[in-house]
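upload_11.cif, holding mmCIF, C-alpha atoms and all ligand atoms:
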```cif
data_upload
loop_
_atom_site.label_atom_id
_atom_site.label_comp_id
_atom_site.auth_asym_id
_atom_site.auth_seq_id
_atom_site.Cartn_x
_atom_site.Cartn_y
_atom_site.Cartn_z
CA ILE A 1 190.85 172.67 291.64
CA GLN A 2 193.37 174.65 293.65
CA TRP A 3 192.64 178.38 293.28
CA THR A 4 195.44 180.75 294.35
CA PRO A 5 194.46 184.22 295.65
CA ILE A 6 195.55 187.11 293.42
CA LYS A 7 194.49 190.03 295.60
CA GLU A 8 192.45 190.51 298.79
CA PHE A 9 189.14 192.30 298.45
CA LYS A 10 186.21 192.87 300.85
CA GLU A 11 183.21 191.78 298.77
CA ILE A 12 184.69 189.56 296.07
CA ILE A 13 187.15 186.67 295.92
CA PHE A 14 189.77 187.05 293.19
CA SER A 15 191.88 184.00 292.43
CA GLN A 16 193.75 182.17 289.71
CA PHE A 17 194.33 178.65 288.46
CA GLY A 18 197.02 178.66 285.73
CA GLY A 19 195.82 180.99 282.96
CA ILE A 20 192.29 181.19 284.40
CA ALA A 21 191.22 184.06 286.68
CA LYS A 22 188.07 183.74 288.80
CA ILE A 23 186.14 186.76 290.06
CA SER A 24 183.50 185.65 292.55
CA ILE A 25 180.97 187.85 294.35
CA ASN A 26 181.15 186.98 298.04
CA ARG A 27 177.87 188.16 299.56
CA PRO A 28 175.94 184.86 299.61
CA GLN A 29 173.71 186.02 302.50
CA VAL A 30 171.95 188.38 300.03
CA HIS A 31 172.21 186.08 297.01
CA ASN A 32 175.34 188.01 295.93
CA ALA A 33 173.54 191.33 295.46
CA PHE A 34 176.11 193.99 294.62
CA THR A 35 176.94 197.31 296.28
CA PRO A 36 179.03 200.07 294.64
CA LEU A 37 182.05 198.55 296.43
CA THR A 38 181.37 195.05 295.07
CA VAL A 39 181.23 196.53 291.57
CA GLN A 40 184.35 198.68 292.06
CA GLU A 41 186.24 195.62 293.25
CA MET A 42 185.08 193.63 290.20
CA ILE A 43 186.25 196.50 287.96
CA ASP A 44 189.66 196.53 289.71
CA ALA A 45 189.96 192.75 289.29
CA MET A 46 188.99 192.97 285.59
CA ARG A 47 191.68 195.63 285.04
CA ILE A 48 194.25 193.34 286.66
CA CYS A 49 193.10 190.49 284.38
CA GLN A 50 193.42 192.77 281.37
CA ASP A 51 197.01 193.74 282.25
CA ARG A 52 198.25 190.29 283.24
CA THR A 53 199.73 188.60 280.16
CA ASP A 54 199.57 185.17 281.85
CA ILE A 55 195.77 185.32 282.17
CA GLY A 56 193.83 184.22 279.09
CA VAL A 57 190.27 183.71 280.29
CA ILE A 58 188.12 185.02 283.15
CA ILE A 59 185.35 183.27 285.06
CA LEU A 60 182.69 185.51 286.64
CA THR A 61 180.65 183.83 289.36
CA GLY A 62 179.14 184.06 292.85
CA GLU A 63 179.92 182.22 296.08
CA GLY A 64 177.64 179.72 297.75
CA GLY A 65 176.00 177.67 295.01
CA ARG A 66 172.61 179.34 295.52
CA ALA A 67 173.13 182.52 293.52
CA PHE A 68 175.25 184.00 290.75
CA CYS A 69 174.02 187.52 291.53
CA SER A 70 170.65 189.04 292.49
CA GLY A 71 171.44 192.51 291.11
CA GLY A 72 171.82 195.79 292.94
CA ASP A 73 171.52 195.56 296.73
CA GLN A 74 168.15 197.21 297.27
CA SER A 75 168.98 198.02 300.89
CA VAL A 76 171.64 200.53 299.76
CA ARG A 77 169.63 201.93 296.86
CA GLY A 78 169.29 205.63 297.57
CA HIS A 79 168.25 208.75 295.72
CA GLY A 80 169.72 208.35 292.21
CA GLY A 81 171.71 205.16 292.59
CA TYR A 82 173.34 202.66 294.90
CA VAL A 83 175.15 204.29 297.81
CA GLY A 84 178.49 203.24 299.31
CA GLU A 85 180.64 204.55 302.17
CA ASP A 86 181.39 207.80 300.34
CA THR A 87 177.56 208.49 300.28
CA VAL A 88 177.68 209.09 296.50
CA PRO A 89 174.87 207.34 294.57
CA ARG A 90 176.22 205.26 291.68
CA LEU A 91 175.16 203.01 288.79
CA ASN A 92 178.74 201.81 288.34
CA VAL A 93 177.66 198.33 287.22
CA LEU A 94 177.17 199.93 283.78
CA GLU A 95 180.92 200.59 283.66
CA LEU A 96 181.59 196.97 284.64
CA GLN A 97 179.32 195.77 281.81
CA LYS A 98 181.35 197.79 279.30
CA ILE A 99 184.62 196.36 280.63
CA ILE A 100 183.32 192.76 280.42
CA ARG A 101 182.39 193.36 276.79
CA SER A 102 185.58 195.16 275.77
CA ILE A 103 188.27 193.30 277.75
CA PRO A 104 190.21 191.42 275.02
CA LYS A 105 189.90 188.01 276.71
CA PRO A 106 186.86 185.72 276.92
CA VAL A 107 184.72 186.16 280.05
CA ILE A 108 182.63 183.14 281.08
CA ALA A 109 179.67 183.46 283.46
CA MET A 110 179.49 180.41 285.72
CA VAL A 111 175.93 180.46 287.04
CA ALA A 112 174.55 178.47 289.96
CA GLY A 113 171.19 179.56 291.36
CA TRP A 114 169.80 183.05 290.85
CA ALA A 115 170.91 185.35 288.05
CA ILE A 116 168.34 188.08 288.56
CA GLY A 117 167.94 191.79 287.74
CA GLY A 118 171.28 193.54 287.34
CA GLY A 119 172.85 190.15 288.09
CA HIS A 120 171.10 188.69 285.08
CA VAL A 121 172.48 191.46 282.87
CA LEU A 122 176.00 190.65 284.10
CA HIS A 123 175.74 187.09 282.75
CA VAL A 124 174.10 188.40 279.54
CA VAL A 125 177.12 190.57 278.72
CA CYS A 126 179.62 187.75 279.31
CA ASP A 127 180.99 185.96 276.22
CA LEU A 128 179.69 182.55 277.34
CA THR A 129 177.47 181.19 280.11
CA VAL A 130 177.78 177.77 281.73
CA ALA A 131 174.84 177.09 284.07
CA ALA A 132 174.05 174.58 286.78
CA GLU A 133 170.72 172.79 286.72
CA ASN A 134 169.57 174.93 289.66
CA ALA A 135 170.14 178.20 287.78
CA ARG A 136 167.21 180.63 287.51
CA PHE A 137 167.20 183.61 285.19
CA GLY A 138 165.10 186.75 284.97
CA GLN A 139 164.70 190.51 285.15
CA THR A 140 162.79 192.27 287.93
CA GLY A 141 163.16 195.95 287.01
CA PRO A 142 159.52 196.92 286.38
CA LYS A 143 158.59 195.10 289.63
CA VAL A 144 161.11 196.88 291.87
CA GLY A 145 161.23 200.27 290.14
CA SER A 146 164.22 199.94 287.85
CA PHE A 147 165.19 199.09 284.30
CA ASP A 148 168.36 198.56 282.27
CA GLY A 149 167.62 199.83 278.78
CA GLY A 150 171.26 199.55 277.73
CA PHE A 151 172.94 196.18 277.13
CA GLY A 152 170.24 194.74 279.42
CA ALA A 153 167.66 195.43 276.72
CA SER A 154 169.39 195.76 273.35
CA TYR A 155 172.07 193.10 273.77
CA LEU A 156 169.59 190.74 275.43
CA ALA A 157 167.33 191.19 272.39
CA ARG A 158 170.25 190.35 270.07
CA ILE A 159 170.65 187.08 271.95
CA VAL A 160 167.06 185.90 272.48
CA GLY A 161 165.17 188.02 269.92
CA GLN A 162 162.87 191.00 270.34
CA LYS A 163 159.71 189.15 271.37
CA LYS A 164 161.43 187.07 274.04
CA ALA A 165 163.42 190.03 275.41
CA ARG A 166 160.23 192.06 275.75
CA GLU A 167 158.52 189.10 277.48
CA ILE A 168 161.44 188.79 279.93
CA TRP A 169 161.23 192.49 280.86
CA TYR A 170 157.47 193.08 280.73
CA LEU A 171 156.42 189.95 282.68
CA CYS A 172 159.43 189.63 285.03
CA ASP A 173 159.01 185.84 284.96
CA GLN A 174 161.80 183.47 286.01
CA TYR A 175 163.22 180.87 283.62
CA ASP A 176 165.01 177.65 284.51
CA ALA A 177 168.33 176.55 283.06
CA GLN A 178 166.74 174.37 280.37
CA GLU A 179 164.47 177.19 279.16
CA ALA A 180 167.44 179.55 279.16
CA ARG A 181 169.45 177.12 277.03
CA GLU A 182 166.59 176.70 274.59
CA MET A 183 166.43 180.47 274.03
CA GLY A 184 170.20 180.68 273.46
CA LEU A 185 170.78 182.55 276.72
CA VAL A 186 173.17 179.92 278.10
CA ASN A 187 175.67 177.69 276.30
CA LYS A 188 175.60 174.61 278.49
CA VAL A 189 173.68 173.18 281.45
CA VAL A 190 175.33 170.72 283.85
CA PRO A 191 174.60 169.29 287.31
CA LEU A 192 175.66 171.67 290.09
CA ASP A 193 178.49 169.40 291.26
CA GLN A 194 180.02 169.50 287.76
CA LEU A 195 179.68 173.24 287.21
CA GLU A 196 183.19 174.33 288.09
CA ALA A 197 184.94 171.35 286.47
CA THR A 198 183.00 171.87 283.23
CA THR A 199 183.67 175.61 283.19
CA VAL A 200 187.38 175.04 283.85
CA ALA A 201 187.47 172.43 281.06
CA TRP A 202 185.96 175.01 278.67
CA CYS A 203 188.60 177.51 279.85
CA HIS A 204 191.36 175.01 279.10
CA LYS A 205 190.02 174.48 275.56
CA ILE A 206 190.06 178.25 275.10
CA LEU A 207 193.58 178.59 276.56
CA GLN A 208 194.89 176.17 273.91
CA LYS A 209 193.71 178.52 271.15
CA SER A 210 195.57 181.46 269.59
CA PRO A 211 195.16 184.45 271.94
CA LEU A 212 195.36 186.96 269.07
CA ALA A 213 192.70 185.09 267.09
CA LEU A 214 190.42 185.08 270.15
CA ARG A 215 191.09 188.77 270.70
CA MET A 216 190.26 189.61 267.08
CA LEU A 217 187.10 187.52 267.23
CA LYS A 218 185.82 189.16 270.42
CA SER A 219 186.28 192.65 268.99
CA SER A 220 184.80 191.50 265.66
CA PHE A 221 181.66 190.19 267.37
CA ASN A 222 181.39 193.50 269.24
CA ALA A 223 182.11 195.75 266.25
CA GLU A 224 178.78 195.42 264.48
CA LEU A 225 176.80 196.01 267.67
CA ASP A 226 178.84 198.75 269.28
CA GLY A 227 179.06 201.35 266.50
CA GLN A 228 182.11 203.62 266.57
CA ALA A 229 183.19 202.23 269.96
CA GLY A 230 183.12 198.71 268.46
CA ILE A 231 185.09 199.79 265.41
CA GLN A 232 187.58 201.55 267.71
CA GLU A 233 188.20 198.23 269.50
CA LEU A 234 188.60 196.27 266.28
CA ALA A 235 190.81 198.98 264.75
CA GLY A 236 192.95 199.05 267.91
CA ASN A 237 193.65 195.38 267.35
CA ALA A 238 194.53 196.10 263.71
CA THR A 239 197.05 198.68 264.97
CA LEU A 240 198.46 196.15 267.42
CA LEU A 241 199.00 193.64 264.59
CA TYR A 242 200.49 196.34 262.32
CA TYR A 243 202.96 197.36 265.06
CA LEU A 244 204.22 193.76 265.03
CA SER A 245 205.20 194.07 261.35
CA ASP A 246 208.59 195.07 259.83
CA GLU A 247 206.76 197.57 257.62
CA ALA A 248 205.44 199.54 260.60
CA LYS A 249 208.79 199.25 262.39
CA GLU A 250 210.52 200.83 259.35
CA GLY A 251 208.35 203.92 259.91
CA ARG A 252 209.29 204.13 263.57
CA ASN A 253 212.98 203.42 262.93
CA ALA A 254 213.22 206.09 260.23
CA TYR A 255 211.71 208.65 262.58
CA VAL A 256 213.99 207.74 265.48
CA GLU A 257 217.08 207.66 263.15
CA LYS A 258 216.05 211.01 261.60
CA ARG A 259 216.01 209.66 258.01
CA GLN A 260 213.39 209.21 255.29
CA PRO A 261 211.46 205.92 255.63
CA ASP A 262 211.99 203.35 252.87
CA PHE A 263 208.78 201.38 252.39
CA SER A 264 209.77 200.23 248.85
CA LYS A 265 210.43 196.60 249.78
CA TYR A 266 207.03 196.05 251.34
CA PRO A 267 204.51 194.38 249.02
CA LYS A 268 201.38 196.10 247.80
CA PHE A 269 199.16 193.05 248.16
CA PRO A 270 196.31 192.56 245.68
O1 LIG K 301 168.17 197.49 287.33
C1 LIG K 301 169.37 197.79 287.80
C2 LIG K 301 170.12 198.78 287.15
C3 LIG K 301 169.65 199.47 286.02
C4 LIG K 301 170.41 200.46 285.41
C5 LIG K 301 171.65 200.77 285.94
C6 LIG K 301 172.13 200.10 287.06
C7 LIG K 301 171.39 199.10 287.65
C8 LIG K 301 171.86 198.42 288.78
C9 LIG K 301 171.11 197.43 289.37
C10 LIG K 301 169.87 197.12 288.89
C11 LIG K 301 169.10 196.05 289.55
O2 LIG K 301 169.68 195.05 289.89
S1 LIG K 301 167.39 196.18 289.84
C12 LIG K 301 166.96 194.56 290.35
C13 LIG K 301 167.38 194.28 291.80
N1 LIG K 301 167.19 192.91 292.18
C14 LIG K 301 166.02 192.32 292.43
O3 LIG K 301 164.96 192.90 292.28
C15 LIG K 301 166.03 190.91 292.96
C16 LIG K 301 165.59 190.89 294.42
N2 LIG K 301 165.61 189.53 294.96
C17 LIG K 301 164.65 188.61 294.69
O4 LIG K 301 163.75 188.86 293.92
C18 LIG K 301 164.75 187.32 295.42
O5 LIG K 301 165.67 187.45 296.50
C19 LIG K 301 165.22 186.15 294.52
C20 LIG K 301 164.17 185.85 293.45
C21 LIG K 301 166.54 186.44 293.83
C22 LIG K 301 165.43 184.91 295.41
O6 LIG K 301 164.28 184.65 296.17
P1 LIG K 301 164.39 183.67 297.44
O7 LIG K 301 165.06 182.41 297.08
O8 LIG K 301 162.99 183.60 298.02
O9 LIG K 301 165.37 184.40 298.47
P2 LIG K 301 165.07 185.63 299.42
O10 LIG K 301 164.58 185.17 300.74
O11 LIG K 301 164.24 186.66 298.72
O12 LIG K 301 166.55 186.25 299.56
C23 LIG K 301 167.49 185.82 300.56
C24 LIG K 301 168.04 187.06 301.25
O13 LIG K 301 168.74 187.86 300.29
C25 LIG K 301 166.93 187.95 301.79
O14 LIG K 301 167.42 188.56 302.95
P3 LIG K 301 166.82 188.20 304.39
O15 LIG K 301 165.33 188.42 304.29
O16 LIG K 301 167.19 186.75 304.60
O17 LIG K 301 167.50 189.12 305.33
C26 LIG K 301 166.77 188.98 300.70
O18 LIG K 301 166.25 190.20 301.16
C27 LIG K 301 168.20 189.16 300.27
N3 LIG K 301 168.28 189.67 298.89
C28 LIG K 301 168.11 188.99 297.75
N4 LIG K 301 168.25 189.80 296.69
C29 LIG K 301 168.54 191.01 297.18
C30 LIG K 301 168.57 190.95 298.58
N5 LIG K 301 168.83 192.01 299.34
C31 LIG K 301 169.09 193.15 298.73
N6 LIG K 301 169.08 193.31 297.38
C32 LIG K 301 168.82 192.28 296.56
N7 LIG K 301 168.85 192.43 295.23
#
```

Output the file's structure in the form of structure tokens.
Amino acid sequence: IQWTPIKEFKEIIFSQFGGIAKISINRPQVHNAFTPLTVQEMIDAMRICQDRTDIGVIILTGEGGRAFCSGGDQSVRGHGGYVGEDTVPRLNVLELQKIIRSIPKPVIAMVAGWAIGGGHVLHVVCDLTVAAENARFGQTGPKVGSFDGGFGASYLARIVGQKKAREIWYLCDQYDAQEAREMGLVNKVVPLDQLEATTVAWCHKILQKSPLALRMLKSSFNAELDGQAGIQELAGNATLLYYLSDEAKEGRNAYVEKRQPDFSKYPKFP
């Protein structure tokens, strides 16, 4: 697979293959632990994916084959958050989680090796997860003095159930790919050397589907869980669809032409 670079970053690799974008954490020496810069670069890349009409699906992954992501880089964890060059402590991965969930295109986590701590939560919030046989999943928060009580707790519990989610957080055990699949935490497990080809094949199946239908489905899945923010997303898509209609355009045209709108010919469906 011939990936073409989209934009140069310092701590991630951002590339494209047809309608597929790939965002890959490039810090394999620390199992792809993230700093505030890594996260900011992933946010920037996600925004580019959102704006680019030729991109239909996004793969989130890590370089090296030994880790997806091991969470926040503990060596830059300071007083109140993770500290970058500007010396400001941040928990900006929470913003990235929200973007992954609300971006109107499917995001697929492609997991080889460790998906641990805040890195585990990143795969949890993705739409789908394809894992290699060497993948290992788990939370470490209560062991290293942290916790993610947001999507890391509530959304995890929606996926694996309350008992299992509490086990994952309270015991901080690690689970192999098979166990993760059995608890519904990953969609598919494949040998490591087939991970990328399988994930790309899934992407191609998705790219053949109606983008508006996929967009509506993603916001519909989110709506129930995300309260007013979820309804806002779904309703935004309803507005988008309405703007495509002649009925809505009559309203705009009448305003621009300084006349009364005539909605009489539009049906009042049962
Ligand atoms: O909880 C949150 C948040 C909550 C709310 C809001 C924001 C949040 C943001 C982040 C987080 C968190 O992510 S907390 C959880 C942080 N992560 C961890 O506790 C995982 C730490 N790593 C490990 O437990 C292990 O490395 C491992 C189970 C993933 C793999 O073990 P293994 O195969 O024995 O490798 P190891 O030798 O430990 O790691 C290889 C190198 O990578 C080591 O460096 P070296 O000694 O060779 O110099 C290791 O220190 C480094 N490394 C691995 N993970 C991290 C790391 N360095 C910094 N931070 C890491 N997370």

Distance filter 9 Å around ligand LIG 301 (chain K), atoms: all atoms listed in the file, out as a PyMOL selection string: chain A and resi 28-35+66-67+69-77+81-82+90-94+113-121+136+138-150+152+174

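Distance check against Asp176 (chain A) using all atoms listed in the file: of A:Phe263, A:Trp202, A:Phe137, A:Tyr155, the minimum falls on A:Phe137.
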
Shell of 10 Å around Lys105 (chain A), only C-alpha atoms, local chain residues under 2 positions omitted, as a VMD selection string: chain A and resid 49 to 50 55 to 58 100 to 103 107 to 108 127 206 211 to 212 214 to 219

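Among A:Leu195, A:Ala135, A:Ile20, A:Ile13, the residue with the shortest atom-to-atom distance to Tyr175 (chain A), counting all atoms listed in the file, is A:Ala135.
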
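Between CA of Asn222 (chain A) and CA of Ala248 (chain A) lies a distance of 26.3 Å.
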
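Counting from CA of Gly78 (chain A), the distance to CA of Cys172 (chain A) is 22.6 Å.
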
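Across A:Ser220, A:Ala213, A:Ile231, A:Tyr266, the tightest approach to Ser245 (chain A) is made by A:Tyr266 when counting only C-alpha atoms.
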
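Between CA of Val200 (chain A) and CA of Val186 (chain A) there is a distance of 16.1 Å.
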
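The shortest atom-to-atom distance to Phe9 (chain A), with only C-alpha atoms taken into account, belongs to A:Val39 out of A:Ala197, A:Ala131, A:Leu60, A:Val39.
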
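Excluding region 41-44 of chain A itself and same-chain residues fewer than 4 positions from it, the residues having an atom within 8 Å of it are Phe9, Glu11, Ile12, Ile23, Leu37, Ile48, Glu95, Leu96 and Ile99 of chain A, counting all atoms listed in the file.
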
Top pick for closest residue to Ala177 (chain A), considering A:Thr239, A:Ile1, A:Val190, A:Arg158 and counting only C-alpha atoms: A:Val190

Exercise: Gln2 (chain A) partners within 12 Å, all atoms listed in the file, chain neighbours under 4 positions left out, as an MDAnalysis selection string: chainID A and resid 15:18 20:22 196:197 200

Of the listed residues A:Lys163, A:Gln232, A:Gly65, A:His204, that which approaches Asn26 (chain A) most closely, counting all atoms listed in the file: A:Gly65

How about completing region 196-207 of chain A with all heavy atoms and giving it to me as a JSON list (two decimals), keeping the file's coordinate frame?
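Written output follows (out03.json):
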```json
[["chain", "number", "residue", "atom", "x", "y", "z"],
["A", 196, "GLU", "N", 181.85, 173.74, 288.16],
["A", 196, "GLU", "CA", 183.19, 174.33, 288.09],
["A", 196, "GLU", "C", 184.13, 173.51, 287.18],
["A", 196, "GLU", "O", 184.86, 174.08, 286.37],
["A", 196, "GLU", "CB", 183.79, 174.48, 289.49],
["A", 196, "GLU", "CG", 185.09, 175.27, 289.44],
["A", 196, "GLU", "CD", 185.51, 175.82, 290.79],
["A", 196, "GLU", "OE1", 185.04, 176.91, 291.15],
["A", 196, "GLU", "OE2", 186.30, 175.16, 291.48],
["A", 197, "ALA", "N", 184.06, 172.19, 287.30],
["A", 197, "ALA", "CA", 184.94, 171.35, 286.47],
["A", 197, "ALA", "C", 184.65, 171.56, 284.99],
["A", 197, "ALA", "O", 185.57, 171.65, 284.16],
["A", 197, "ALA", "CB", 184.76, 169.88, 286.85],
["A", 198, "THR", "N", 183.37, 171.66, 284.64],
["A", 198, "THR", "CA", 183.00, 171.87, 283.23],
["A", 198, "THR", "C", 183.48, 173.23, 282.75],
["A", 198, "THR", "O", 184.05, 173.36, 281.65],
["A", 198, "THR", "CB", 181.47, 171.77, 283.05],
["A", 198, "THR", "OG1", 181.03, 170.52, 283.58],
["A", 198, "THR", "CG2", 181.09, 171.89, 281.58],
["A", 199, "THR", "N", 183.27, 174.25, 283.59],
["A", 199, "THR", "CA", 183.67, 175.61, 283.19],
["A", 199, "THR", "C", 185.19, 175.67, 283.02],
["A", 199, "THR", "O", 185.69, 176.25, 282.05],
["A", 199, "THR", "CB", 183.21, 176.64, 284.25],
["A", 199, "THR", "OG1", 181.82, 176.44, 284.51],
["A", 199, "THR", "CG2", 183.41, 178.06, 283.75],
["A", 200, "VAL", "N", 185.91, 175.05, 283.94],
["A", 200, "VAL", "CA", 187.38, 175.04, 283.85],
["A", 200, "VAL", "C", 187.83, 174.26, 282.60],
["A", 200, "VAL", "O", 188.78, 174.67, 281.91],
["A", 200, "VAL", "CB", 188.01, 174.47, 285.14],
["A", 200, "VAL", "CG1", 189.48, 174.12, 284.96],
["A", 200, "VAL", "CG2", 187.85, 175.49, 286.28],
["A", 201, "ALA", "N", 187.14, 173.18, 282.28],
["A", 201, "ALA", "CA", 187.47, 172.43, 281.06],
["A", 201, "ALA", "C", 187.26, 173.31, 279.82],
["A", 201, "ALA", "O", 188.09, 173.27, 278.89],
["A", 201, "ALA", "CB", 186.62, 171.16, 280.98],
["A", 202, "TRP", "N", 186.18, 174.07, 279.80],
["A", 202, "TRP", "CA", 185.96, 175.01, 278.67],
["A", 202, "TRP", "C", 187.10, 176.03, 278.63],
["A", 202, "TRP", "O", 187.60, 176.37, 277.55],
["A", 202, "TRP", "CB", 184.60, 175.73, 278.82],
["A", 202, "TRP", "CG", 183.44, 174.90, 278.33],
["A", 202, "TRP", "CD1", 183.24, 173.58, 278.55],
["A", 202, "TRP", "CD2", 182.34, 175.37, 277.54],
["A", 202, "TRP", "NE1", 182.06, 173.18, 277.93],
["A", 202, "TRP", "CE2", 181.49, 174.26, 277.32],
["A", 202, "TRP", "CE3", 181.96, 176.61, 277.00],
["A", 202, "TRP", "CZ2", 180.30, 174.35, 276.58],
["A", 202, "TRP", "CZ3", 180.79, 176.71, 276.29],
["A", 202, "TRP", "CH2", 179.97, 175.58, 276.07],
["A", 203, "CYS", "N", 187.49, 176.53, 279.79],
["A", 203, "CYS", "CA", 188.60, 177.51, 279.85],
["A", 203, "CYS", "C", 189.87, 176.90, 279.27],
["A", 203, "CYS", "O", 190.60, 177.57, 278.52],
["A", 203, "CYS", "CB", 188.84, 177.95, 281.29],
["A", 203, "CYS", "SG", 187.53, 178.99, 281.96],
["A", 204, "HIS", "N", 190.15, 175.64, 279.61],
["A", 204, "HIS", "CA", 191.36, 175.01, 279.10],
["A", 204, "HIS", "C", 191.32, 174.85, 277.58],
["A", 204, "HIS", "O", 192.33, 175.03, 276.90],
["A", 204, "HIS", "CB", 191.61, 173.67, 279.80],
["A", 204, "HIS", "CG", 192.21, 173.84, 281.17],
["A", 204, "HIS", "ND1", 191.88, 173.05, 282.25],
["A", 204, "HIS", "CD2", 193.10, 174.75, 281.64],
["A", 204, "HIS", "CE1", 192.55, 173.47, 283.32],
["A", 204, "HIS", "NE2", 193.28, 174.50, 282.98],
["A", 205, "LYS", "N", 190.14, 174.54, 277.03],
["A", 205, "LYS", "CA", 190.02, 174.48, 275.56],
["A", 205, "LYS", "C", 190.34, 175.84, 274.96],
["A", 205, "LYS", "O", 191.03, 175.94, 273.93],
["A", 205, "LYS", "CB", 188.59, 174.09, 275.17],
["A", 205, "LYS", "CG", 188.28, 172.62, 275.35],
["A", 205, "LYS", "CD", 186.96, 172.29, 274.67],
["A", 205, "LYS", "CE", 186.53, 170.87, 275.00],
["A", 205, "LYS", "NZ", 185.29, 170.49, 274.30],
["A", 206, "ILE", "N", 189.83, 176.89, 275.60],
["A", 206, "ILE", "CA", 190.06, 178.25, 275.10],
["A", 206, "ILE", "C", 191.54, 178.61, 275.21],
["A", 206, "ILE", "O", 192.12, 179.19, 274.28],
["A", 206, "ILE", "CB", 189.17, 179.26, 275.87],
["A", 206, "ILE", "CG1", 187.70, 179.07, 275.47],
["A", 206, "ILE", "CG2", 189.62, 180.70, 275.63],
["A", 206, "ILE", "CD1", 186.71, 179.83, 276.33],
["A", 207, "LEU", "N", 192.17, 178.23, 276.34],
["A", 207, "LEU", "CA", 193.58, 178.59, 276.56],
["A", 207, "LEU", "C", 194.51, 177.92, 275.55],
["A", 207, "LEU", "O", 195.64, 178.38, 275.35],
["A", 207, "LEU", "CB", 194.00, 178.22, 277.99],
["A", 207, "LEU", "CG", 193.44, 179.11, 279.10],
["A", 207, "LEU", "CD1", 193.74, 178.52, 280.47],
["A", 207, "LEU", "CD2", 194.00, 180.53, 279.00]]
```
